[in-house]
Structure formats: C-alpha cells, structure tokens
Amino acid sequence: DPALTGGVSGKRVEKGGTREGATFSLKNGKVDILQGLVMHENAITEEFENDLISFVQTQCDRGRNGELKKPTYLRASGARSQGNQREAIMYGGFFDFNRARPGKRGLVPPFPPILDKLVNHLMDNHYLPSDVRPDSCIINRYDVGDCIPPHVDH
C-alpha cells in the first residue's frame, strides 16, 4: 500500500521506493517532516541481528547489575519517567539528556567491536555515506508500553 495511516494527527504517510530502499513522506504544512527517511530491508543478516540484540541485552543486564556506570548506562526513574522506563547505553560520545545536547568527550567508552563491525558493514554497503564515519551511539531500550514524548534528536 503506497499510503500508510498514522503519523501526525492521523495524516497519511506516503511511501515510495527506489532500489536503494523505501522512502517516506509526511507533510506538516509545507514541511516534509520525514524527508530523507529511508528504510532498508535485510541490511544485515538475521545472525548479525541476533548478535546485536544479544549484545544490547547483555549491556542492559550489566548496567542493571552496576557493572556499567553512569553515564555509559542510564535508566529512567522517578515521576518524570512515568510510562518511559527506557534504558540508554552510550558509546563514543556522551549525550546530556537533561540539557538536550552533546556532553564532554571521554565520559563514555569508545565503540565496542560489534558496533565497529556494524558501522563498517553499513559503510561498506553504502547504507551510510563514506565521507563521515559515525563515532558515537546511543542505544535506547524500551519495555512494551513505554513511550517518549515528541521531540527532535540533535
């Protein structure tokens, strides 16, 4: 179906496609708020996907057990986090959620090998541009039913 329901206030999300992947469009007034969003199916193997999921689960377990410290591992808590019990794991660069901006470098560990492998794969297969290599990553894990309010990522 070329149009999907959902998005902002029940507006229609238009779905197109190219050989490079599915593209999406959602107009909010004159602005296409999904401009540039591309979905690539089967970008990684199922085996690698399972390895990544296992890695995230292990890192969250390590964080809950106190093996990963703030700010590498963060878990939402308190009244402000009602309906959002997310866990966040950061590598490469620290993002200060309270100030909504990047924090100081060196506060979190560099990429572990599995994230280097992912970035290499995405760049080698042209899913990411070759001229700018990602050097930071935030992994967010949400429980079923958790949500986050509308926001802009920086």
# chains A, B, ... in the order shown; residues from 1 in each chain; ligands from 1
>>> residues_around(residues="stretch 64-69 of chain A", least_positions_apart="3", cutoff="12 Å", atoms="only C-alpha atoms", output="list in words")
Gln57, Thr58, Gln59, Cys60, Asp61, Thr72, Tyr73, Leu74, Arg75, Ala76, Glu87, Ala88, Ile89, Met90, Tyr91, Leu107, Val108 and Pro109 of chain A
>>> residues_around(residues="A:Lys117", least_positions_apart="5", cutoff="12 Å", atoms="only C-alpha atoms", output="PyMOL selection string")
chain A and resi 44+48-49+51-52+111-112+122-124+134
>>> write_last_selection(atoms="N, CA, C and O atoms", output="mmCIF file, in the first residue's frame")
data_model
loop_
_atom_site.group_PDB
_atom_site.id
_atom_site.type_symbol
_atom_site.label_atom_id
_atom_site.label_comp_id
_atom_site.auth_asym_id
_atom_site.auth_seq_id
_atom_site.Cartn_x
_atom_site.Cartn_y
_atom_site.Cartn_z
ATOM 1 N N ILE A 44 21.193 -6.202 7.289
ATOM 2 C CA ILE A 44 22.115 -7.096 7.996
ATOM 3 C C ILE A 44 21.504 -8.486 8.005
ATOM 4 O O ILE A 44 20.297 -8.651 7.796
ATOM 5 N N PHE A 48 23.522 -11.663 12.425
ATOM 6 C CA PHE A 48 24.114 -10.457 12.988
ATOM 7 C C PHE A 48 23.083 -9.682 13.810
ATOM 8 O O PHE A 48 23.399 -9.121 14.853
ATOM 9 N N GLU A 49 21.840 -9.661 13.337
ATOM 10 C CA GLU A 49 20.765 -9.035 14.111
ATOM 11 C C GLU A 49 20.661 -9.676 15.492
ATOM 12 O O GLU A 49 20.569 -8.974 16.504
ATOM 13 N N ASP A 51 23.010 -11.255 17.083
ATOM 14 C CA ASP A 51 24.211 -10.874 17.836
ATOM 15 C C ASP A 51 24.051 -9.475 18.442
ATOM 16 O O ASP A 51 24.421 -9.244 19.599
ATOM 17 N N LEU A 52 23.490 -8.534 17.668
ATOM 18 C CA LEU A 52 23.275 -7.179 18.171
ATOM 19 C C LEU A 52 22.255 -7.163 19.313
ATOM 20 O O LEU A 52 22.464 -6.488 20.325
ATOM 21 N N PHE A 111 33.547 2.803 20.847
ATOM 22 C CA PHE A 111 32.731 1.719 20.285
ATOM 23 C C PHE A 111 33.322 0.357 20.634
ATOM 24 O O PHE A 111 34.517 0.132 20.440
ATOM 25 N N PRO A 112 32.483 -0.568 21.087
ATOM 26 C CA PRO A 112 32.935 -1.949 21.216
ATOM 27 C C PRO A 112 33.028 -2.580 19.820
ATOM 28 O O PRO A 112 32.454 -2.042 18.855
ATOM 29 N N LEU A 122 27.686 -1.124 7.341
ATOM 30 C CA LEU A 122 26.779 -0.120 6.779
ATOM 31 C C LEU A 122 27.494 0.809 5.812
ATOM 32 O O LEU A 122 26.924 1.202 4.786
ATOM 33 N N MET A 123 28.744 1.135 6.098
ATOM 34 C CA MET A 123 29.512 1.992 5.192
ATOM 35 C C MET A 123 29.967 1.222 3.953
ATOM 36 O O MET A 123 29.856 1.728 2.834
ATOM 37 N N ASP A 124 30.468 -0.002 4.151
ATOM 38 C CA ASP A 124 30.931 -0.806 3.017
ATOM 39 C C ASP A 124 29.813 -1.080 2.017
ATOM 40 O O ASP A 124 30.062 -1.227 0.816
ATOM 41 N N PRO A 134 30.373 7.496 11.627
ATOM 42 C CA PRO A 134 29.788 7.695 12.965
ATOM 43 C C PRO A 134 30.793 7.358 14.058
ATOM 44 O O PRO A 134 31.530 6.378 13.956
#
>>> closest_residue(among="A:Ala43, A:Arg86, A:Arg105, A:His126", to="A:Asp143", atoms="only C-alpha atoms")
A:Arg86
>>> closest_residue(among="A:Pro102, A:Arg141, A:Phe97, A:Pro150", to="A:Ile53", atoms="only C-alpha atoms")
A:Arg141
>>> atom_distance(atom1="atom CA of A:Val119", atom2="atom CA of A:Cys137")
10.4 Å
>>> closest_residue(among="A:Leu37, A:Asn98, A:Gly92, A:Phe55", to="A:Ser136", atoms="only C-alpha atoms")
A:Gly92
>>> select_by_dssp(residues="stretch 31-138 of chain A", states="helix (DSSP H, G or I)", output="PDB file with all heavy atoms, in the first residue's frame")
ATOM      1  N   GLU A  46      20.226 -12.089   9.604  1.00  0.00           N
ATOM      2  CA  GLU A  46      19.483 -12.446  10.812  1.00  0.00           C
ATOM      3  C   GLU A  46      20.452 -12.846  11.926  1.00  0.00           C
ATOM      4  O   GLU A  46      20.232 -12.509  13.090  1.00  0.00           O
ATOM      5  CB  GLU A  46      18.512 -13.587  10.516  1.00  0.00           C
ATOM      6  CG  GLU A  46      17.571 -13.880  11.658  1.00  0.00           C
ATOM      7  CD  GLU A  46      16.507 -14.899  11.298  1.00  0.00           C
ATOM      8  OE1 GLU A  46      16.151 -15.018  10.112  1.00  0.00           O
ATOM      9  OE2 GLU A  46      16.041 -15.584  12.226  1.00  0.00           O
ATOM     10  N   GLU A  47      21.536 -13.499  11.566  1.00  0.00           N
ATOM     11  CA  GLU A  47      22.534 -13.896  12.569  1.00  0.00           C
ATOM     12  C   GLU A  47      23.159 -12.665  13.233  1.00  0.00           C
ATOM     13  O   GLU A  47      23.293 -12.604  14.455  1.00  0.00           O
ATOM     14  CB  GLU A  47      23.620 -14.754  11.921  1.00  0.00           C
ATOM     15  CG  GLU A  47      24.713 -15.168  12.884  1.00  0.00           C
ATOM     16  CD  GLU A  47      25.827 -15.965  12.222  1.00  0.00           C
ATOM     17  OE1 GLU A  47      25.775 -16.218  11.007  1.00  0.00           O
ATOM     18  OE2 GLU A  47      26.771 -16.323  12.948  1.00  0.00           O
ATOM     19  N   PHE A  48      23.522 -11.663  12.425  1.00  0.00           N
ATOM     20  CA  PHE A  48      24.114 -10.457  12.988  1.00  0.00           C
ATOM     21  C   PHE A  48      23.083  -9.682  13.810  1.00  0.00           C
ATOM     22  O   PHE A  48      23.399  -9.121  14.853  1.00  0.00           O
ATOM     23  CB  PHE A  48      24.727  -9.590  11.895  1.00  0.00           C
ATOM     24  CG  PHE A  48      25.561  -8.449  12.421  1.00  0.00           C
ATOM     25  CD1 PHE A  48      26.452  -8.639  13.467  1.00  0.00           C
ATOM     26  CD2 PHE A  48      25.456  -7.192  11.872  1.00  0.00           C
ATOM     27  CE1 PHE A  48      27.227  -7.587  13.960  1.00  0.00           C
ATOM     28  CE2 PHE A  48      26.216  -6.128  12.346  1.00  0.00           C
ATOM     29  CZ  PHE A  48      27.092  -6.333  13.401  1.00  0.00           C
ATOM     30  N   GLU A  49      21.840  -9.661  13.337  1.00  0.00           N
ATOM     31  CA  GLU A  49      20.765  -9.035  14.111  1.00  0.00           C
ATOM     32  C   GLU A  49      20.661  -9.676  15.492  1.00  0.00           C
ATOM     33  O   GLU A  49      20.569  -8.974  16.504  1.00  0.00           O
ATOM     34  CB  GLU A  49      19.434  -9.173  13.370  1.00  0.00           C
ATOM     35  CG  GLU A  49      18.244  -8.624  14.132  1.00  0.00           C
ATOM     36  CD  GLU A  49      16.926  -8.884  13.422  1.00  0.00           C
ATOM     37  OE1 GLU A  49      16.895  -9.530  12.359  1.00  0.00           O
ATOM     38  OE2 GLU A  49      15.901  -8.437  13.957  1.00  0.00           O
ATOM     39  N   ASN A  50      20.697 -10.995  15.542  1.00  0.00           N
ATOM     40  CA  ASN A  50      20.635 -11.702  16.826  1.00  0.00           C
ATOM     41  C   ASN A  50      21.838 -11.377  17.699  1.00  0.00           C
ATOM     42  O   ASN A  50      21.704 -11.231  18.924  1.00  0.00           O
ATOM     43  CB  ASN A  50      20.504 -13.208  16.609  1.00  0.00           C
ATOM     44  CG  ASN A  50      19.145 -13.589  16.052  1.00  0.00           C
ATOM     45  OD1 ASN A  50      18.150 -12.912  16.288  1.00  0.00           O
ATOM     46  ND2 ASN A  50      19.111 -14.675  15.296  1.00  0.00           N
ATOM     47  N   ASP A  51      23.010 -11.255  17.083  1.00  0.00           N
ATOM     48  CA  ASP A  51      24.211 -10.874  17.836  1.00  0.00           C
ATOM     49  C   ASP A  51      24.051  -9.475  18.442  1.00  0.00           C
ATOM     50  O   ASP A  51      24.421  -9.244  19.599  1.00  0.00           O
ATOM     51  CB  ASP A  51      25.454 -10.893  16.937  1.00  0.00           C
ATOM     52  CG  ASP A  51      25.868 -12.284  16.514  1.00  0.00           C
ATOM     53  OD1 ASP A  51      25.379 -13.281  17.109  1.00  0.00           O
ATOM     54  OD2 ASP A  51      26.675 -12.387  15.562  1.00  0.00           O
ATOM     55  N   LEU A  52      23.490  -8.534  17.668  1.00  0.00           N
ATOM     56  CA  LEU A  52      23.275  -7.179  18.171  1.00  0.00           C
ATOM     57  C   LEU A  52      22.255  -7.163  19.313  1.00  0.00           C
ATOM     58  O   LEU A  52      22.464  -6.488  20.325  1.00  0.00           O
ATOM     59  CB  LEU A  52      22.812  -6.259  17.037  1.00  0.00           C
ATOM     60  CG  LEU A  52      23.872  -5.887  16.003  1.00  0.00           C
ATOM     61  CD1 LEU A  52      23.225  -5.288  14.754  1.00  0.00           C
ATOM     62  CD2 LEU A  52      24.899  -4.947  16.592  1.00  0.00           C
ATOM     63  N   ILE A  53      21.172  -7.902  19.164  1.00  0.00           N
ATOM     64  CA  ILE A  53      20.158  -7.976  20.220  1.00  0.00           C
ATOM     65  C   ILE A  53      20.751  -8.564  21.485  1.00  0.00           C
ATOM     66  O   ILE A  53      20.544  -8.046  22.591  1.00  0.00           O
ATOM     67  CB  ILE A  53      18.929  -8.782  19.738  1.00  0.00           C
ATOM     68  CG1 ILE A  53      18.181  -7.993  18.657  1.00  0.00           C
ATOM     69  CG2 ILE A  53      17.997  -9.121  20.912  1.00  0.00           C
ATOM     70  CD1 ILE A  53      17.126  -8.791  17.920  1.00  0.00           C
ATOM     71  N   SER A  54      21.530  -9.613  21.340  1.00  0.00           N
ATOM     72  CA  SER A  54      22.183 -10.240  22.491  1.00  0.00           C
ATOM     73  C   SER A  54      23.140  -9.260  23.167  1.00  0.00           C
ATOM     74  O   SER A  54      23.203  -9.176  24.400  1.00  0.00           O
ATOM     75  CB  SER A  54      22.927 -11.496  22.045  1.00  0.00           C
ATOM     76  OG  SER A  54      23.599 -12.082  23.125  1.00  0.00           O
ATOM     77  N   PHE A  55      23.886  -8.507  22.355  1.00  0.00           N
ATOM     78  CA  PHE A  55      24.809  -7.505  22.890  1.00  0.00           C
ATOM     79  C   PHE A  55      24.052  -6.475  23.726  1.00  0.00           C
ATOM     80  O   PHE A  55      24.450  -6.147  24.848  1.00  0.00           O
ATOM     81  CB  PHE A  55      25.564  -6.817  21.740  1.00  0.00           C
ATOM     82  CG  PHE A  55      26.314  -5.596  22.161  1.00  0.00           C
ATOM     83  CD1 PHE A  55      27.507  -5.708  22.852  1.00  0.00           C
ATOM     84  CD2 PHE A  55      25.819  -4.329  21.889  1.00  0.00           C
ATOM     85  CE1 PHE A  55      28.211  -4.581  23.263  1.00  0.00           C
ATOM     86  CE2 PHE A  55      26.504  -3.195  22.290  1.00  0.00           C
ATOM     87  CZ  PHE A  55      27.703  -3.326  22.979  1.00  0.00           C
ATOM     88  N   VAL A  56      22.949  -5.949  23.184  1.00  0.00           N
ATOM     89  CA  VAL A  56      22.168  -4.937  23.907  1.00  0.00           C
ATOM     90  C   VAL A  56      21.612  -5.518  25.205  1.00  0.00           C
ATOM     91  O   VAL A  56      21.685  -4.877  26.259  1.00  0.00           O
ATOM     92  CB  VAL A  56      21.045  -4.365  23.011  1.00  0.00           C
ATOM     93  CG1 VAL A  56      20.081  -3.494  23.820  1.00  0.00           C
ATOM     94  CG2 VAL A  56      21.638  -3.577  21.853  1.00  0.00           C
ATOM     95  N   GLN A  57      21.076  -6.720  25.131  1.00  0.00           N
ATOM     96  CA  GLN A  57      20.537  -7.346  26.345  1.00  0.00           C
ATOM     97  C   GLN A  57      21.626  -7.528  27.397  1.00  0.00           C
ATOM     98  O   GLN A  57      21.417  -7.249  28.583  1.00  0.00           O
ATOM     99  CB  GLN A  57      19.881  -8.684  26.002  1.00  0.00           C
ATOM    100  CG  GLN A  57      18.598  -8.519  25.231  1.00  0.00           C
ATOM    101  CD  GLN A  57      18.031  -9.834  24.711  1.00  0.00           C
ATOM    102  OE1 GLN A  57      18.756 -10.794  24.482  1.00  0.00           O
ATOM    103  NE2 GLN A  57      16.726  -9.862  24.499  1.00  0.00           N
ATOM    104  N   THR A  58      22.796  -7.963  26.979  1.00  0.00           N
ATOM    105  CA  THR A  58      23.911  -8.164  27.904  1.00  0.00           C
ATOM    106  C   THR A  58      24.351  -6.838  28.524  1.00  0.00           C
ATOM    107  O   THR A  58      24.604  -6.755  29.734  1.00  0.00           O
ATOM    108  CB  THR A  58      25.095  -8.838  27.181  1.00  0.00           C
ATOM    109  OG1 THR A  58      24.668 -10.121  26.708  1.00  0.00           O
ATOM    110  CG2 THR A  58      26.284  -9.008  28.107  1.00  0.00           C
ATOM    111  N   GLN A  59      24.431  -5.789  27.695  1.00  0.00           N
ATOM    112  CA  GLN A  59      24.850  -4.486  28.220  1.00  0.00           C
ATOM    113  C   GLN A  59      23.822  -3.930  29.203  1.00  0.00           C
ATOM    114  O   GLN A  59      24.188  -3.347  30.236  1.00  0.00           O
ATOM    115  CB  GLN A  59      25.098  -3.499  27.082  1.00  0.00           C
ATOM    116  CG  GLN A  59      26.229  -3.894  26.144  1.00  0.00           C
ATOM    117  CD  GLN A  59      27.501  -4.245  26.888  1.00  0.00           C
ATOM    118  OE1 GLN A  59      28.075  -3.420  27.582  1.00  0.00           O
ATOM    119  NE2 GLN A  59      27.942  -5.483  26.755  1.00  0.00           N
ATOM    120  N   CYS A  60      22.534  -4.118  28.918  1.00  0.00           N
ATOM    121  CA  CYS A  60      21.490  -3.670  29.860  1.00  0.00           C
ATOM    122  C   CYS A  60      21.590  -4.454  31.162  1.00  0.00           C
ATOM    123  O   CYS A  60      21.480  -3.866  32.253  1.00  0.00           O
ATOM    124  CB  CYS A  60      20.107  -3.812  29.238  1.00  0.00           C
ATOM    125  SG  CYS A  60      19.747  -2.571  27.977  1.00  0.00           S
ATOM    126  N   ASP A  61      21.804  -5.747  31.071  1.00  0.00           N
ATOM    127  CA  ASP A  61      21.990  -6.564  32.288  1.00  0.00           C
ATOM    128  C   ASP A  61      23.191  -6.060  33.082  1.00  0.00           C
ATOM    129  O   ASP A  61      23.120  -5.922  34.304  1.00  0.00           O
ATOM    130  CB  ASP A  61      22.203  -8.040  31.935  1.00  0.00           C
ATOM    131  CG  ASP A  61      20.944  -8.728  31.434  1.00  0.00           C
ATOM    132  OD1 ASP A  61      19.828  -8.183  31.645  1.00  0.00           O
ATOM    133  OD2 ASP A  61      21.072  -9.807  30.825  1.00  0.00           O
ATOM    134  N   ARG A  62      24.293  -5.774  32.394  1.00  0.00           N
ATOM    135  CA  ARG A  62      25.493  -5.255  33.070  1.00  0.00           C
ATOM    136  C   ARG A  62      25.206  -3.916  33.743  1.00  0.00           C
ATOM    137  O   ARG A  62      25.677  -3.656  34.851  1.00  0.00           O
ATOM    138  CB  ARG A  62      26.643  -5.106  32.073  1.00  0.00           C
ATOM    139  CG  ARG A  62      27.195  -6.426  31.580  1.00  0.00           C
ATOM    140  CD  ARG A  62      28.390  -6.235  30.656  1.00  0.00           C
ATOM    141  NE  ARG A  62      29.472  -5.622  31.415  1.00  0.00           N
ATOM    142  CZ  ARG A  62      30.342  -4.738  30.900  1.00  0.00           C
ATOM    143  NH1 ARG A  62      30.248  -4.370  29.632  1.00  0.00           N
ATOM    144  NH2 ARG A  62      31.285  -4.227  31.647  1.00  0.00           N
ATOM    145  N   GLY A  63      24.418  -3.067  33.084  1.00  0.00           N
ATOM    146  CA  GLY A  63      24.057  -1.786  33.664  1.00  0.00           C
ATOM    147  C   GLY A  63      23.197  -1.951  34.909  1.00  0.00           C
ATOM    148  O   GLY A  63      23.436  -1.311  35.934  1.00  0.00           O
ATOM    149  N   ARG A  64      22.207  -2.826  34.831  1.00  0.00           N
ATOM    150  CA  ARG A  64      21.334  -3.065  35.986  1.00  0.00           C
ATOM    151  C   ARG A  64      22.107  -3.647  37.157  1.00  0.00           C
ATOM    152  O   ARG A  64      21.759  -3.404  38.312  1.00  0.00           O
ATOM    153  CB  ARG A  64      20.197  -4.008  35.589  1.00  0.00           C
ATOM    154  CG  ARG A  64      19.108  -3.335  34.803  1.00  0.00           C
ATOM    155  CD  ARG A  64      17.968  -4.300  34.496  1.00  0.00           C
ATOM    156  NE  ARG A  64      17.674  -4.181  33.075  1.00  0.00           N
ATOM    157  CZ  ARG A  64      17.789  -5.138  32.186  1.00  0.00           C
ATOM    158  NH1 ARG A  64      18.145  -6.355  32.540  1.00  0.00           N
ATOM    159  NH2 ARG A  64      17.504  -4.908  30.925  1.00  0.00           N
ATOM    160  N   ALA A  79       9.263  10.327  38.942  1.00  0.00           N
ATOM    161  CA  ALA A  79       7.957  10.768  38.455  1.00  0.00           C
ATOM    162  C   ALA A  79       8.004  11.214  36.997  1.00  0.00           C
ATOM    163  O   ALA A  79       7.063  10.982  36.243  1.00  0.00           O
ATOM    164  CB  ALA A  79       7.433  11.896  39.331  1.00  0.00           C
ATOM    165  N   ARG A  80       9.092  11.846  36.584  1.00  0.00           N
ATOM    166  CA  ARG A  80       9.197  12.339  35.203  1.00  0.00           C
ATOM    167  C   ARG A  80       9.255  11.213  34.182  1.00  0.00           C
ATOM    168  O   ARG A  80       9.021  11.427  33.003  1.00  0.00           O
ATOM    169  CB  ARG A  80      10.442  13.208  35.039  1.00  0.00           C
ATOM    170  CG  ARG A  80      10.289  14.573  35.639  1.00  0.00           C
ATOM    171  CD  ARG A  80      11.486  15.446  35.373  1.00  0.00           C
ATOM    172  NE  ARG A  80      12.039  15.265  34.039  1.00  0.00           N
ATOM    173  CZ  ARG A  80      13.228  15.693  33.688  1.00  0.00           C
ATOM    174  NH1 ARG A  80      13.994  16.318  34.550  1.00  0.00           N
ATOM    175  NH2 ARG A  80      13.677  15.509  32.473  1.00  0.00           N
ATOM    176  N   SER A  81       9.585  10.010  34.606  1.00  0.00           N
ATOM    177  CA  SER A  81       9.759   8.909  33.656  1.00  0.00           C
ATOM    178  C   SER A  81       8.540   7.993  33.591  1.00  0.00           C
ATOM    179  O   SER A  81       8.636   6.896  33.058  1.00  0.00           O
ATOM    180  CB  SER A  81      11.007   8.108  34.017  1.00  0.00           C
ATOM    181  OG  SER A  81      10.861   7.519  35.283  1.00  0.00           O
ATOM    182  N   PRO A 113      33.738  -3.700  19.681  1.00  0.00           N
ATOM    183  CA  PRO A 113      33.937  -4.306  18.359  1.00  0.00           C
ATOM    184  C   PRO A 113      32.655  -4.547  17.565  1.00  0.00           C
ATOM    185  O   PRO A 113      32.634  -4.341  16.352  1.00  0.00           O
ATOM    186  CB  PRO A 113      34.656  -5.616  18.675  1.00  0.00           C
ATOM    187  CG  PRO A 113      35.392  -5.331  19.947  1.00  0.00           C
ATOM    188  CD  PRO A 113      34.497  -4.402  20.728  1.00  0.00           C
ATOM    189  N   ILE A 114      31.570  -4.946  18.225  1.00  0.00           N
ATOM    190  CA  ILE A 114      30.347  -5.249  17.476  1.00  0.00           C
ATOM    191  C   ILE A 114      29.765  -3.997  16.823  1.00  0.00           C
ATOM    192  O   ILE A 114      29.205  -4.062  15.730  1.00  0.00           O
ATOM    193  CB  ILE A 114      29.296  -5.977  18.352  1.00  0.00           C
ATOM    194  CG1 ILE A 114      28.203  -6.574  17.471  1.00  0.00           C
ATOM    195  CG2 ILE A 114      28.737  -5.061  19.429  1.00  0.00           C
ATOM    196  CD1 ILE A 114      27.316  -7.579  18.158  1.00  0.00           C
ATOM    197  N   LEU A 115      29.909  -2.821  17.455  1.00  0.00           N
ATOM    198  CA  LEU A 115      29.414  -1.591  16.841  1.00  0.00           C
ATOM    199  C   LEU A 115      30.337  -1.125  15.720  1.00  0.00           C
ATOM    200  O   LEU A 115      29.877  -0.591  14.710  1.00  0.00           O
ATOM    201  CB  LEU A 115      29.224  -0.493  17.884  1.00  0.00           C
ATOM    202  CG  LEU A 115      28.117  -0.748  18.907  1.00  0.00           C
ATOM    203  CD1 LEU A 115      27.980   0.430  19.860  1.00  0.00           C
ATOM    204  CD2 LEU A 115      26.787  -1.066  18.243  1.00  0.00           C
ATOM    205  N   ASP A 116      31.650  -1.337  15.873  1.00  0.00           N
ATOM    206  CA  ASP A 116      32.577  -1.072  14.760  1.00  0.00           C
ATOM    207  C   ASP A 116      32.227  -1.946  13.565  1.00  0.00           C
ATOM    208  O   ASP A 116      32.223  -1.486  12.422  1.00  0.00           O
ATOM    209  CB  ASP A 116      34.029  -1.320  15.184  1.00  0.00           C
ATOM    210  CG  ASP A 116      34.662  -0.106  15.828  1.00  0.00           C
ATOM    211  OD1 ASP A 116      34.296   1.029  15.452  1.00  0.00           O
ATOM    212  OD2 ASP A 116      35.513  -0.299  16.706  1.00  0.00           O
ATOM    213  N   LYS A 117      31.924  -3.212  13.831  1.00  0.00           N
ATOM    214  CA  LYS A 117      31.542  -4.141  12.762  1.00  0.00           C
ATOM    215  C   LYS A 117      30.275  -3.655  12.061  1.00  0.00           C
ATOM    216  O   LYS A 117      30.181  -3.683  10.829  1.00  0.00           O
ATOM    217  CB  LYS A 117      31.335  -5.549  13.335  1.00  0.00           C
ATOM    218  CG  LYS A 117      30.934  -6.587  12.315  1.00  0.00           C
ATOM    219  CD  LYS A 117      30.753  -7.948  12.964  1.00  0.00           C
ATOM    220  CE  LYS A 117      30.260  -8.972  11.950  1.00  0.00           C
ATOM    221  NZ  LYS A 117      30.047 -10.296  12.561  1.00  0.00           N
ATOM    222  N   LEU A 118      29.289  -3.184  12.829  1.00  0.00           N
ATOM    223  CA  LEU A 118      28.050  -2.673  12.244  1.00  0.00           C
ATOM    224  C   LEU A 118      28.323  -1.457  11.371  1.00  0.00           C
ATOM    225  O   LEU A 118      27.853  -1.379  10.225  1.00  0.00           O
ATOM    226  CB  LEU A 118      27.047  -2.332  13.343  1.00  0.00           C
ATOM    227  CG  LEU A 118      25.740  -1.686  12.878  1.00  0.00           C
ATOM    228  CD1 LEU A 118      24.955  -2.615  11.965  1.00  0.00           C
ATOM    229  CD2 LEU A 118      24.908  -1.269  14.084  1.00  0.00           C
ATOM    230  N   VAL A 119      29.071  -0.487  11.887  1.00  0.00           N
ATOM    231  CA  VAL A 119      29.377   0.720  11.120  1.00  0.00           C
ATOM    232  C   VAL A 119      30.145   0.355   9.844  1.00  0.00           C
ATOM    233  O   VAL A 119      29.832   0.859   8.757  1.00  0.00           O
ATOM    234  CB  VAL A 119      30.156   1.745  11.971  1.00  0.00           C
ATOM    235  CG1 VAL A 119      30.704   2.876  11.117  1.00  0.00           C
ATOM    236  CG2 VAL A 119      29.263   2.300  13.081  1.00  0.00           C
ATOM    237  N   ASN A 120      31.141  -0.518   9.954  1.00  0.00           N
ATOM    238  CA  ASN A 120      31.901  -0.940   8.774  1.00  0.00           C
ATOM    239  C   ASN A 120      30.972  -1.550   7.724  1.00  0.00           C
ATOM    240  O   ASN A 120      31.066  -1.235   6.532  1.00  0.00           O
ATOM    241  CB  ASN A 120      32.990  -1.939   9.142  1.00  0.00           C
ATOM    242  CG  ASN A 120      34.119  -1.313   9.916  1.00  0.00           C
ATOM    243  OD1 ASN A 120      34.331  -0.105   9.875  1.00  0.00           O
ATOM    244  ND2 ASN A 120      34.837  -2.125  10.671  1.00  0.00           N
ATOM    245  N   HIS A 121      30.079  -2.426   8.163  1.00  0.00           N
ATOM    246  CA  HIS A 121      29.146  -3.081   7.241  1.00  0.00           C
ATOM    247  C   HIS A 121      28.239  -2.046   6.561  1.00  0.00           C
ATOM    248  O   HIS A 121      28.042  -2.091   5.346  1.00  0.00           O
ATOM    249  CB  HIS A 121      28.305  -4.117   7.999  1.00  0.00           C
ATOM    250  CG  HIS A 121      27.204  -4.697   7.176  1.00  0.00           C
ATOM    251  ND1 HIS A 121      27.426  -5.683   6.237  1.00  0.00           N
ATOM    252  CD2 HIS A 121      25.884  -4.410   7.138  1.00  0.00           C
ATOM    253  CE1 HIS A 121      26.280  -5.981   5.651  1.00  0.00           C
ATOM    254  NE2 HIS A 121      25.326  -5.224   6.188  1.00  0.00           N
ATOM    255  N   LEU A 122      27.686  -1.124   7.341  1.00  0.00           N
ATOM    256  CA  LEU A 122      26.779  -0.120   6.779  1.00  0.00           C
ATOM    257  C   LEU A 122      27.494   0.809   5.812  1.00  0.00           C
ATOM    258  O   LEU A 122      26.924   1.202   4.786  1.00  0.00           O
ATOM    259  CB  LEU A 122      26.105   0.668   7.905  1.00  0.00           C
ATOM    260  CG  LEU A 122      25.162  -0.149   8.801  1.00  0.00           C
ATOM    261  CD1 LEU A 122      24.659   0.707   9.960  1.00  0.00           C
ATOM    262  CD2 LEU A 122      24.014  -0.761   8.015  1.00  0.00           C
ATOM    263  N   MET A 123      28.744   1.135   6.098  1.00  0.00           N
ATOM    264  CA  MET A 123      29.512   1.992   5.192  1.00  0.00           C
ATOM    265  C   MET A 123      29.967   1.222   3.953  1.00  0.00           C
ATOM    266  O   MET A 123      29.856   1.728   2.834  1.00  0.00           O
ATOM    267  CB  MET A 123      30.693   2.614   5.923  1.00  0.00           C
ATOM    268  CG  MET A 123      30.246   3.622   6.980  1.00  0.00           C
ATOM    269  SD  MET A 123      31.600   4.427   7.831  1.00  0.00           S
ATOM    270  CE  MET A 123      32.050   5.650   6.588  1.00  0.00           C
ATOM    271  N   ASP A 124      30.468  -0.002   4.151  1.00  0.00           N
ATOM    272  CA  ASP A 124      30.931  -0.806   3.017  1.00  0.00           C
ATOM    273  C   ASP A 124      29.813  -1.080   2.017  1.00  0.00           C
ATOM    274  O   ASP A 124      30.062  -1.227   0.816  1.00  0.00           O
ATOM    275  CB  ASP A 124      31.511  -2.138   3.494  1.00  0.00           C
ATOM    276  CG  ASP A 124      32.828  -1.985   4.236  1.00  0.00           C
ATOM    277  OD1 ASP A 124      33.423  -0.885   4.190  1.00  0.00           O
ATOM    278  OD2 ASP A 124      33.245  -2.968   4.895  1.00  0.00           O
TER     279      ASP A 124
END
>>> atom_distance(atom1="atom CA of A:Asn140", atom2="atom CA of A:Ala100")
15.3 Å
>>> atom_distance(atom1="atom CA of A:Gln35", atom2="atom CA of A:Pro129")
16.8 Å
